[in-house]
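Q: I am sharing run-v7.tsv, which consists of TSV, C-alpha atoms:
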chain	number	residue	atom	x	y	z
M	1	MET	CA	-5.72	-1.49	-48.13
M	2	ASP	CA	-3.65	-1.88	-44.98
M	3	LEU	CA	-0.12	-0.61	-45.50
M	4	LEU	CA	1.21	-1.83	-42.15
M	5	PRO	CA	2.86	-4.99	-43.60
M	6	PHE	CA	4.73	-2.78	-46.10
M	7	PHE	CA	5.98	-0.49	-43.34
M	8	GLU	CA	7.04	-3.51	-41.24
M	9	TRP	CA	8.92	-4.86	-44.25
M	10	ALA	CA	10.57	-1.47	-44.89
M	11	GLU	CA	11.92	-1.40	-41.34
M	12	THR	CA	13.57	-4.81	-41.78
M	13	SER	CA	14.84	-4.03	-45.30
M	14	LEU	CA	18.51	-3.23	-45.96
M	15	LEU	CA	17.77	0.51	-45.99
M	16	GLY	CA	15.89	0.32	-42.71
M	17	THR	CA	18.59	-1.81	-41.10
M	18	ILE	CA	21.36	0.62	-42.16
M	19	GLY	CA	19.44	3.57	-40.76
M	20	LYS	CA	18.72	1.73	-37.50
M	21	THR	CA	22.22	0.37	-37.02
M	22	TYR	CA	24.40	3.31	-37.99
M	23	GLY	CA	23.33	6.45	-36.16
M	24	GLY	CA	25.94	8.56	-37.94
M	25	VAL	CA	24.69	7.54	-41.37
M	26	TYR	CA	21.12	8.27	-40.29
M	27	ALA	CA	22.14	11.72	-39.00
M	28	ILE	CA	23.90	12.53	-42.29
M	29	GLY	CA	20.70	11.49	-44.10
M	30	GLN	CA	18.79	13.92	-41.88
M	31	SER	CA	21.25	16.72	-42.66
M	32	LEU	CA	21.01	16.12	-46.41
M	33	HIS	CA	17.23	16.12	-46.03
M	34	LEU	CA	17.35	19.50	-44.26
M	35	MET	CA	19.77	21.06	-46.76
M	36	SER	CA	17.74	19.90	-49.74
M	37	LEU	CA	14.60	21.18	-48.01
M	38	ALA	CA	16.34	24.55	-47.65
M	39	LEU	CA	17.18	24.59	-51.37
M	40	LEU	CA	13.68	23.46	-52.29
M	41	GLY	CA	12.18	26.19	-50.09
M	42	GLY	CA	14.56	28.77	-51.56
M	43	THR	CA	13.58	27.97	-55.14
M	44	VAL	CA	9.88	27.99	-54.25
M	45	LEU	CA	10.18	31.33	-52.44
M	46	ILE	CA	12.20	32.97	-55.22
M	47	THR	CA	9.68	31.92	-57.86
M	48	ASP	CA	6.59	32.71	-55.83
M	49	LEU	CA	7.82	36.04	-54.47
M	50	ARG	CA	8.76	37.03	-58.02
M	51	LEU	CA	5.29	36.09	-59.25
M	52	MET	CA	3.87	38.24	-56.47
M	53	ASN	CA	6.15	41.08	-57.63
M	54	LEU	CA	7.97	41.22	-54.30
M	55	LEU	CA	11.43	39.96	-55.27
M	56	LEU	CA	13.77	40.19	-58.29
M	57	ARG	CA	11.36	42.61	-59.96
M	58	ASP	CA	14.04	43.62	-62.48
M	59	VAL	CA	14.44	40.05	-63.73
M	60	PRO	CA	11.78	38.58	-66.07
M	61	SER	CA	9.58	36.17	-64.11
M	62	GLU	CA	9.99	33.54	-66.86
M	63	VAL	CA	13.77	33.56	-66.28
M	64	VAL	CA	13.32	33.26	-62.52
M	65	ALA	CA	10.76	30.44	-62.78
M	66	ASP	CA	12.80	28.41	-65.32
M	67	ASN	CA	16.10	28.71	-63.43
M	68	ALA	CA	14.53	27.97	-60.06
M	69	HIS	CA	12.60	24.97	-61.38
M	70	LYS	CA	15.78	23.12	-62.40
M	71	TRP	CA	17.09	23.27	-58.84
M	72	PHE	CA	13.64	22.62	-57.41
M	73	LYS	CA	13.62	19.26	-59.22
M	74	PHE	CA	17.09	18.42	-57.91
M	75	ALA	CA	16.15	19.39	-54.35
M	76	LEU	CA	12.87	17.47	-54.52
M	77	THR	CA	14.71	14.33	-55.66
M	78	VAL	CA	17.14	14.54	-52.72
M	79	VAL	CA	14.29	15.30	-50.28
M	80	ILE	CA	12.41	12.19	-51.43
M	81	CYS	CA	15.47	9.88	-51.46
M	82	THR	CA	16.68	10.94	-48.01
M	83	GLY	CA	13.08	10.93	-46.74
M	84	ILE	CA	12.63	7.29	-47.80
M	85	PHE	CA	15.91	6.39	-46.07
M	86	MET	CA	14.89	8.18	-42.85
M	87	ALA	CA	11.37	6.75	-42.82
M	88	ALA	CA	12.59	3.20	-43.49
M	89	ALA	CA	14.58	3.11	-40.25
M	90	VAL	CA	11.52	3.98	-38.15
M	91	ALA	CA	8.82	2.79	-40.53
M	92	THR	CA	6.47	1.20	-38.01
M	93	ARG	CA	6.56	4.30	-35.82
M	94	MET	CA	5.87	6.44	-38.90
M	95	TYR	CA	2.85	4.30	-39.76
M	96	TYR	CA	1.20	5.30	-36.46
M	97	ASN	CA	2.33	8.95	-36.60
M	98	PRO	CA	-0.44	11.32	-37.82
M	99	PHE	CA	2.09	14.02	-38.77
M	100	TYR	CA	3.84	11.57	-41.09
M	101	TRP	CA	0.62	11.07	-43.00
M	102	ALA	CA	-0.05	14.82	-42.94
M	103	LYS	CA	3.38	15.39	-44.46
M	104	MET	CA	2.89	12.73	-47.13
M	105	THR	CA	-0.47	14.29	-48.04
M	106	ALA	CA	1.08	17.77	-48.22
M	107	LEU	CA	4.05	16.46	-50.24
M	108	LEU	CA	1.83	14.69	-52.76
M	109	ALA	CA	-0.34	17.80	-53.00
M	110	GLY	CA	2.79	19.89	-53.55
M	111	ILE	CA	4.15	17.62	-56.28
M	112	ALA	CA	0.77	17.45	-58.03
M	113	PHE	CA	0.39	21.22	-57.75
M	114	VAL	CA	3.81	21.92	-59.26
M	115	PHE	CA	3.74	19.42	-62.11
M	116	ALA	CA	0.04	19.48	-62.98
M	117	ILE	CA	-0.82	23.14	-62.42
M	118	LYS	CA	2.07	25.51	-61.77
M	119	ARG	CA	4.64	24.45	-64.36
M	120	PRO	CA	2.20	23.95	-67.25
M	121	LEU	CA	0.79	27.41	-66.54
M	122	LEU	CA	4.20	29.07	-66.16
M	123	LYS	CA	5.40	27.67	-69.49
M	124	ARG	CA	3.09	30.20	-71.13
M	125	PRO	CA	4.23	33.85	-71.45
M	126	HIS	CA	3.53	35.24	-68.00
M	127	ASP	CA	2.04	38.47	-69.31
M	128	SER	CA	-0.70	36.39	-70.94
M	129	ILE	CA	-1.78	35.14	-67.50
M	130	HIS	CA	-4.02	37.29	-65.33
M	131	PRO	CA	-1.99	38.76	-62.42
M	132	VAL	CA	-4.58	37.57	-59.90
M	133	VAL	CA	-4.13	34.00	-61.14
M	134	LEU	CA	-0.33	34.28	-60.88
M	135	LYS	CA	-0.44	35.75	-57.39
M	136	SER	CA	-3.04	33.28	-56.12
M	137	MET	CA	-0.99	30.40	-57.49
M	138	ALA	CA	2.17	31.75	-55.83
M	139	LEU	CA	0.40	32.11	-52.49
M	140	ALA	CA	-1.07	28.61	-52.70
M	141	SER	CA	2.37	27.24	-53.59
M	142	MET	CA	4.03	28.86	-50.56
M	143	VAL	CA	1.28	27.60	-48.23
M	144	ILE	CA	1.57	24.04	-49.56
M	145	TRP	CA	5.37	23.85	-49.31
M	146	PHE	CA	5.40	25.50	-45.90
M	147	SER	CA	2.93	22.80	-44.80
M	148	VAL	CA	5.30	20.12	-46.09
M	149	GLY	CA	8.16	21.54	-44.00
M	150	ALA	CA	6.06	22.22	-40.90
M	151	THR	CA	4.36	18.82	-40.77
M	152	GLY	CA	7.72	17.17	-41.40
M	153	ARG	CA	9.26	19.00	-38.47
M	154	TRP	CA	6.42	17.96	-36.17
M	155	ILE	CA	6.93	14.28	-37.00
M	156	GLY	CA	9.85	14.38	-34.61
M	157	PHE	CA	7.82	15.94	-31.81
M	158	SER	CA	4.99	13.42	-31.70
T	1	MET	CA	33.79	30.34	-17.66
T	2	LEU	CA	31.38	29.04	-20.31
T	3	PHE	CA	30.06	26.49	-17.83
T	4	ASP	CA	29.49	29.23	-15.23
T	5	LEU	CA	27.67	31.30	-17.83
T	6	ALA	CA	25.52	28.29	-18.77
T	7	GLN	CA	24.66	27.64	-15.12
T	8	TRP	CA	23.76	31.30	-14.64
T	9	VAL	CA	21.45	31.21	-17.69
T	10	ASP	CA	20.00	27.94	-16.42
T	11	SER	CA	19.08	29.60	-13.12
T	12	PHE	CA	16.43	31.75	-14.85
T	13	GLU	CA	12.93	30.43	-14.31
T	14	LEU	CA	12.06	31.43	-17.88
T	15	SER	CA	14.78	29.11	-19.19
T	16	THR	CA	13.23	26.13	-17.39
T	17	ARG	CA	9.73	27.14	-18.45
T	18	LEU	CA	10.75	27.41	-22.10
T	19	HIS	CA	12.49	24.03	-21.95
T	20	GLU	CA	9.51	22.37	-20.33
T	21	SER	CA	6.88	23.98	-22.54
T	22	TYR	CA	6.05	21.35	-25.17
T	23	TYR	CA	4.42	23.75	-27.59
T	24	MET	CA	6.62	26.82	-27.09
T	25	TYR	CA	9.93	24.94	-27.31
T	26	ASN	CA	8.83	22.98	-30.35
T	27	TRP	CA	7.54	26.12	-32.08
T	28	VAL	CA	10.85	27.86	-31.50
T	29	GLU	CA	12.75	24.85	-32.81
T	30	SER	CA	10.43	24.48	-35.81
T	31	THR	CA	10.85	28.16	-36.66
T	32	HIS	CA	14.64	27.77	-36.38
T	33	VAL	CA	14.62	24.84	-38.80
T	34	LEU	CA	11.98	26.10	-41.22
T	35	THR	CA	13.71	29.47	-41.60
T	36	LEU	CA	16.48	27.50	-43.34
T	37	MET	CA	14.26	27.71	-46.43
T	38	LEU	CA	14.55	31.50	-46.38
T	39	SER	CA	18.14	32.01	-45.20
T	40	LEU	CA	19.97	29.03	-46.67
T	41	GLY	CA	17.59	28.85	-49.63
T	42	MET	CA	18.64	32.35	-50.73
T	43	LEU	CA	22.29	31.75	-49.87
T	44	PHE	CA	22.38	28.56	-51.95
T	45	VAL	CA	20.97	30.40	-54.97
T	46	ILE	CA	23.57	33.20	-54.64
T	47	ASP	CA	26.38	30.62	-54.36
T	48	LEU	CA	25.04	28.62	-57.31
T	49	ARG	CA	24.98	31.80	-59.40
T	50	MET	CA	28.62	32.52	-58.55
T	51	LEU	CA	29.58	28.96	-59.48
T	52	GLY	CA	27.81	29.37	-62.84
T	53	TRP	CA	25.20	26.70	-62.08
T	54	ALA	CA	22.06	28.86	-61.92
T	55	PHE	CA	20.75	32.19	-63.19
T	56	THR	CA	23.78	32.53	-65.48
T	57	GLY	CA	21.90	35.01	-67.71
T	58	VAL	CA	21.26	37.39	-64.81
T	59	PRO	CA	24.03	39.73	-63.55
T	60	ALA	CA	25.62	38.22	-60.45
T	61	SER	CA	25.46	41.49	-58.51
T	62	ARG	CA	21.72	41.72	-59.13
T	63	ILE	CA	21.08	38.23	-57.75
T	64	ALA	CA	23.27	38.93	-54.71
T	65	ALA	CA	21.73	42.33	-54.04
T	66	ARG	CA	18.09	41.30	-54.47
T	67	LEU	CA	18.34	38.11	-52.41
T	68	ASN	CA	20.40	39.71	-49.66
T	69	LEU	CA	17.46	41.23	-47.77
T	70	PRO	CA	15.30	38.07	-47.49
T	71	MET	CA	18.44	36.09	-46.66
T	72	MET	CA	19.36	38.49	-43.85
T	73	ILE	CA	15.78	38.43	-42.52
T	74	GLY	CA	16.06	34.63	-42.45
T	75	PHE	CA	19.40	34.68	-40.66
T	76	THR	CA	18.08	37.19	-38.12
T	77	VAL	CA	15.16	34.90	-37.27
T	78	MET	CA	17.58	31.98	-37.04
T	79	ILE	CA	19.86	33.86	-34.65
T	80	VAL	CA	16.94	34.90	-32.41
T	81	THR	CA	15.44	31.38	-32.31
T	82	GLY	CA	18.92	29.87	-31.94
T	83	LEU	CA	19.58	32.06	-28.89
T	84	LEU	CA	16.21	31.01	-27.46
T	85	LEU	CA	17.08	27.34	-27.97
T	86	PHE	CA	20.38	27.91	-26.18
T	87	PHE	CA	18.56	29.84	-23.44
T	88	ALA	CA	16.22	26.86	-22.91
T	89	VAL	CA	19.00	24.23	-22.63
T	90	PRO	CA	22.19	26.11	-21.74
T	91	VAL	CA	24.23	23.57	-19.74
T	92	ARG	CA	23.93	20.57	-22.05
T	93	THR	CA	24.34	22.78	-25.15
T	94	THR	CA	27.51	24.41	-23.80
T	95	GLN	CA	28.98	20.95	-23.21
T	96	SER	CA	27.97	19.61	-26.63
T	97	ILE	CA	30.96	19.01	-28.89
T	98	TRP	CA	28.65	19.44	-31.89
T	99	PHE	CA	27.44	22.83	-30.69
T	100	ARG	CA	31.05	23.93	-30.23
T	101	ILE	CA	32.01	22.82	-33.74
T	102	LYS	CA	28.86	24.46	-35.13
T	103	PHE	CA	29.73	27.73	-33.41
T	104	LEU	CA	33.27	27.69	-34.85
T	105	LEU	CA	31.91	26.91	-38.32
T	106	LEU	CA	29.46	29.82	-37.97
T	107	ILE	CA	32.32	32.19	-37.22
T	108	VAL	CA	34.31	30.92	-40.22
T	109	ALA	CA	31.20	31.18	-42.44
T	110	ALA	CA	30.63	34.78	-41.30
T	111	ILE	CA	34.26	35.72	-42.09
T	112	ASN	CA	33.97	33.96	-45.46
T	113	ALA	CA	30.75	35.85	-46.24
T	114	TRP	CA	32.36	39.19	-45.33
T	115	LEU	CA	35.41	38.49	-47.50
T	116	PHE	CA	33.18	37.26	-50.32
T	117	HIS	CA	31.11	40.45	-50.34
T	118	LYS	CA	34.20	42.64	-50.09
T	119	ARG	CA	35.88	40.90	-53.04
T	120	MET	CA	32.67	40.88	-55.05
T	121	ASN	CA	32.02	44.60	-54.57
T	122	GLU	CA	35.63	45.42	-55.50
T	123	SER	CA	35.60	43.57	-58.80
T	124	VAL	CA	32.02	42.93	-59.88
T	125	SER	CA	31.97	45.60	-62.59
T	126	THR	CA	34.51	43.61	-64.62
T	127	TRP	CA	32.67	40.25	-64.62
T	128	ASP	CA	29.06	40.96	-63.58
T	129	HIS	CA	27.58	39.61	-66.82
T	130	ASP	CA	29.87	36.57	-67.04
T	131	ALA	CA	28.20	33.21	-66.48
T	132	VAL	CA	30.86	32.22	-63.97
T	133	ALA	CA	32.47	34.39	-61.27
T	134	PRO	CA	36.29	34.69	-61.00
T	135	LYS	CA	38.11	31.83	-59.30
T	136	ARG	CA	38.55	33.57	-55.95
T	137	LEU	CA	34.82	34.19	-55.67
T	138	ARG	CA	33.97	30.69	-56.85
T	139	THR	CA	36.20	29.37	-54.10
T	140	GLY	CA	34.35	31.56	-51.60
T	141	ALA	CA	30.99	30.30	-52.87
T	142	ALA	CA	32.09	26.66	-52.70
T	143	LEU	CA	33.49	27.22	-49.23
T	144	SER	CA	30.20	28.81	-48.20
T	145	LEU	CA	28.28	25.73	-49.39
T	146	GLY	CA	30.67	23.41	-47.56
T	147	LEU	CA	30.61	25.44	-44.35
T	148	TRP	CA	26.84	25.57	-44.28
T	149	ALA	CA	26.64	21.83	-44.92
T	150	GLY	CA	28.84	21.47	-41.84
T	151	ILE	CA	26.72	23.90	-39.81
T	152	VAL	CA	23.47	22.11	-40.66
T	153	THR	CA	25.02	18.71	-39.94
T	154	THR	CA	26.54	19.68	-36.59
T	155	GLY	CA	23.30	21.48	-35.68
T	156	ARG	CA	21.39	18.30	-36.37
T	157	LEU	CA	23.92	16.25	-34.38
T	158	ILE	CA	23.40	18.35	-31.23
T	159	ALA	CA	20.26	16.25	-30.67
T	160	TYR	CA	22.33	13.07	-30.36
T	161	ASP	CA	23.93	12.21	-27.01
T	162	TRP	CA	26.82	10.02	-28.23
T	163	TYR	CA	29.42	12.45	-26.89
T	164	ASP	CA	27.47	13.92	-23.98
T	165	CYS	CA	29.41	14.43	-20.77
T	166	TYR	CA	27.30	11.99	-18.72
T	167	ARG	CA	28.77	9.17	-20.82
T	168	VAL	CA	32.31	7.87	-20.42
T	169	GLN	CA	34.40	9.80	-22.97
T	170	SER	CA	38.03	9.84	-24.01
T	171	ASP	CA	40.12	12.68	-22.56
T	172	LEU	CA	40.19	14.42	-25.93
T	173	ILE	CA	36.40	14.39	-26.34
T	174	ALA	CA	35.87	15.42	-22.71
T	175	TRP	CA	38.27	18.34	-23.21
T	176	ALA	CA	36.74	19.39	-26.54
T	177	ALA	CA	33.22	19.22	-25.12
T	178	GLY	CA	34.29	21.13	-22.00
T	179	CYS	CA	33.03	18.41	-19.66
T	180	MET	CA	33.31	19.50	-16.03
T	181	VAL	CA	34.03	17.03	-13.23
T	182	GLU	CA	31.30	17.46	-10.62
Mind turning this structure into structure tokens?
A:
Amino acid sequence: MDLLPFFEWAETSLLGTIGKTYGGVYAIGQSLHLMSLALLGGTVLITDLRLMNLLLRDVPSEVVADNAHKWFKFALTVVICTGIFMAAAVATRMYYNPFYWAKMTALLAGIAFVFAIKRPLLKRPHDSIHPVVLKSMALASMVIWFSVGATGRWIGFS
Amino acid sequence: MLFDLAQWVDSFELSTRLHESYYMYNWVESTHVLTLMLSLGMLFVIDLRMLGWAFTGVPASRIAARLNLPMMIGFTVMIVTGLLLFFAVPVRTTQSIWFRIKFLLLIVAAINAWLFHKRMNESVSTWDHDAVAPKRLRTGAALSLGLWAGIVTTGRLIAYDWYDCYRVQSDLIAWAAGCMVE
């Protein structure tokens, strides 16, 4: 299925037009995107470093994971909303940008990983999960979310 | 004086080479931006704890103490990469009104952080287990969030040339940006 017509429509939509016309609004969208990415990254790092026993070792990992996940969901929502706004303004260019597709792939992988694997597993008592499983999952999580940030940054360079 | 300093930095061959190196410059910039996840990510969690919006069941001093090291590592990387970015484009950056505002906000944020830590260490034993920090510290945490929102926004705006000196600017903007008549 060719998605080009959808991207062309997105660029002429109200959202795309606002982003194209008002540079200040677009820049604020970018800033919100960056700040929410920072929060998202912070919550991921706190959880994963705790699971790897490298951070907050004197706080139960269940407490860390549950608290961080609430703000992860908030940050992810803002990342997606501001990301749609930013992409709409330059949708056709995004369609032809390989890093855009790399980021979307990494983002979808990240979301699937969190909601289909990580959270269901972490809802169980953590001492009932083998430490190797916990640490491997934490490492995979950090790699995936770093890829989301890195590919997103390189969209602007290509 | 700032303009002279910028021109002096610009005269280094390494500055030009860094600016013109597609991969090196972009890696430095990417590292600067991605380290936000470590530095600001930790800072946001500490501020949210003080405001009573996260980790309310964990003593505030424990959150602040444990997240301080990774946060400081993040800020150190950001300072180093930030200096490199300035080193690569010194003249335009010096004359960017956004860079100037960002720099001022960074100074205010640093003072706020110092005051925050001082006040927290002085009084934490009396409220450490409370879900919400005392008002003075909550104000500091909220101010920290606001200042960093401003720093990220002005940092992002440096890339835009709306108020660059090569354009016709009002006297106020030209003065604030430090535009030099050549």
Q: Give as number ranges by chain every residue of chain M that touches chain T within 6 Å, counting all atoms listed in the file.
A: M: 31, 38-39, 41-42, 56, 67
Q: Enter the distance from CA of Ile101 (chain T) to CA of Leu115 (chain T), in Å, rounded to one decimal.
A: 21.1 Å
Q: By how many Å are CA of Asp47 (chain T) and CA of Gln30 (chain M) apart?
A: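 Separating CA of Asp47 (chain T) from CA of Gln30 (chain M) is a distance of 22.2 Å.
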Q: Restricting the calculation to all atoms listed in the file: of T:Arg167, T:Lys102, T:His32, T:Arg136, which residue gets closest to His117 (chain T)?
A: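 The closest residue to His117 (chain T) is T:Arg136.
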Q: Would you please work out which residue, of M:Ile117, M:Met104, M:Ile28, M:Ile129, is nearest to Gly152 (chain M) when using all atoms listed in the file?
A: M:Met104
Q: Which one of T:Ile158, T:Leu85, T:Ala60, T:Arg49 sits closest to Trp98 (chain T) if you count all atoms listed in the file?
A: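 With all atoms listed in the file as the atom set, the closest residue is T:Ile158.
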Q: Distance CA of Gly52 (chain T)-CA of Leu34 (chain M), one decimal place?
A: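 It comes out at 23.5 Å.
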Q: Skip region 10-25 of chain M itself and residues of its chain fewer than 3 positions away, then list as a tab-separated table (two decimals) with C-alpha atoms, in the frame of the given file all residues within 8 Å of it, counting only C-alpha atoms.
A:
chain	number	residue	atom	x	y	z
M	6	PHE	CA	4.73	-2.78	-46.10
M	7	PHE	CA	5.98	-0.49	-43.34
M	28	ILE	CA	23.90	12.53	-42.29
M	29	GLY	CA	20.70	11.49	-44.10
M	85	PHE	CA	15.91	6.39	-46.07
M	86	MET	CA	14.89	8.18	-42.85
M	87	ALA	CA	11.37	6.75	-42.82
M	88	ALA	CA	12.59	3.20	-43.49
M	89	ALA	CA	14.58	3.11	-40.25
M	90	VAL	CA	11.52	3.98	-38.15
M	91	ALA	CA	8.82	2.79	-40.53
M	92	THR	CA	6.47	1.20	-38.01
Q: Taking (12.2, 16.7, -53.5) in the file's own coordinates, collect the residues within 10 Å, counting only C-alpha atoms, and hand them back as a list in words.
A: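 Those residues lying close to the given coordinates are His33, Ser36, Leu37, Leu39, Leu40, Trp71, Phe72, Lys73, Phe74, Ala75, Leu76, Thr77, Val78, Val79, Ile80, Cys81, Thr82, Gly83, Leu107, Gly110 and Ile111 of chain M.
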Q: Up to 12 Å from (37.9, 21.0, -16.0) in the file's coordinates: name the residues, counting only C-alpha atoms, as an MDAnalysis selection string.
A: chainID T and resid 1:4 95 165 171 174:182
Q: Where's the centre, and what are the edge lengths in Å to one decimal, of a box along x, y and z enclosing all listed atoms of region 112-121 of chain M padded 8 Å per side, as lines of an AutoDock Vina configuration file?
A:
center_x = 1.9
center_y = 22.4
center_z = -62.5
size_x = 21.5
size_y = 26.0
size_z = 25.5
Q: Give me, as a list in words, all polymer residues having an atom no more than 12 Å from Ala106 (chain M), counting all atoms listed in the file and skipping those fewer than 6 positions away in the same chain.
A: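 So the residues in contact are Phe99, Tyr100, Ala112, Phe113, Ala140, Ser141, Met142, Val143, Ile144, Trp145, Phe146, Ser147, Val148, Gly149, Ala150, Thr151 and Gly152 of chain M.
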Q: Could you check the closest approach to Ile155 (chain M) for each of M:Ala102, M:Ala138, M:Leu122, M:Val114 and tell me which residue wins, using only C-alpha atoms?
A: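 When distances to Ile155 (chain M) are compared using only C-alpha atoms, the smallest one comes from M:Ala102.
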Q: I want to know what sits within 7 Å of region 5-13 of chain T, based on only C-alpha atoms, with residues of the same chain fewer than 6 positions away left out; could you give that as a VMD selection string?
A: chain T and resid 87 90 to 91 94
Q: I'd like the neighbourhood of Leu134 (chain M) as an NGL selection string, where a residue qualifies if any of its atoms comes within 9 Å (using only C-alpha atoms), though same-chain residues fewer than 2 positions away should be ignored.
A: :M and (48 or 51-52 or 121-122 or 126 or 129-132 or 136-139)
Q: Taking into account only C-alpha atoms, which residue in the set T:Ser144, T:Ser61, T:Ser123, T:Gln169 is nearest to Ile111 (chain T)?
A: T:Ser144
Q: Restricting the calculation to all atoms listed in the file, which member of M:Asp58, M:Gly156, M:Trp9, M:Asp127 is positioned closest to Met94 (chain M)?
A: M:Gly156
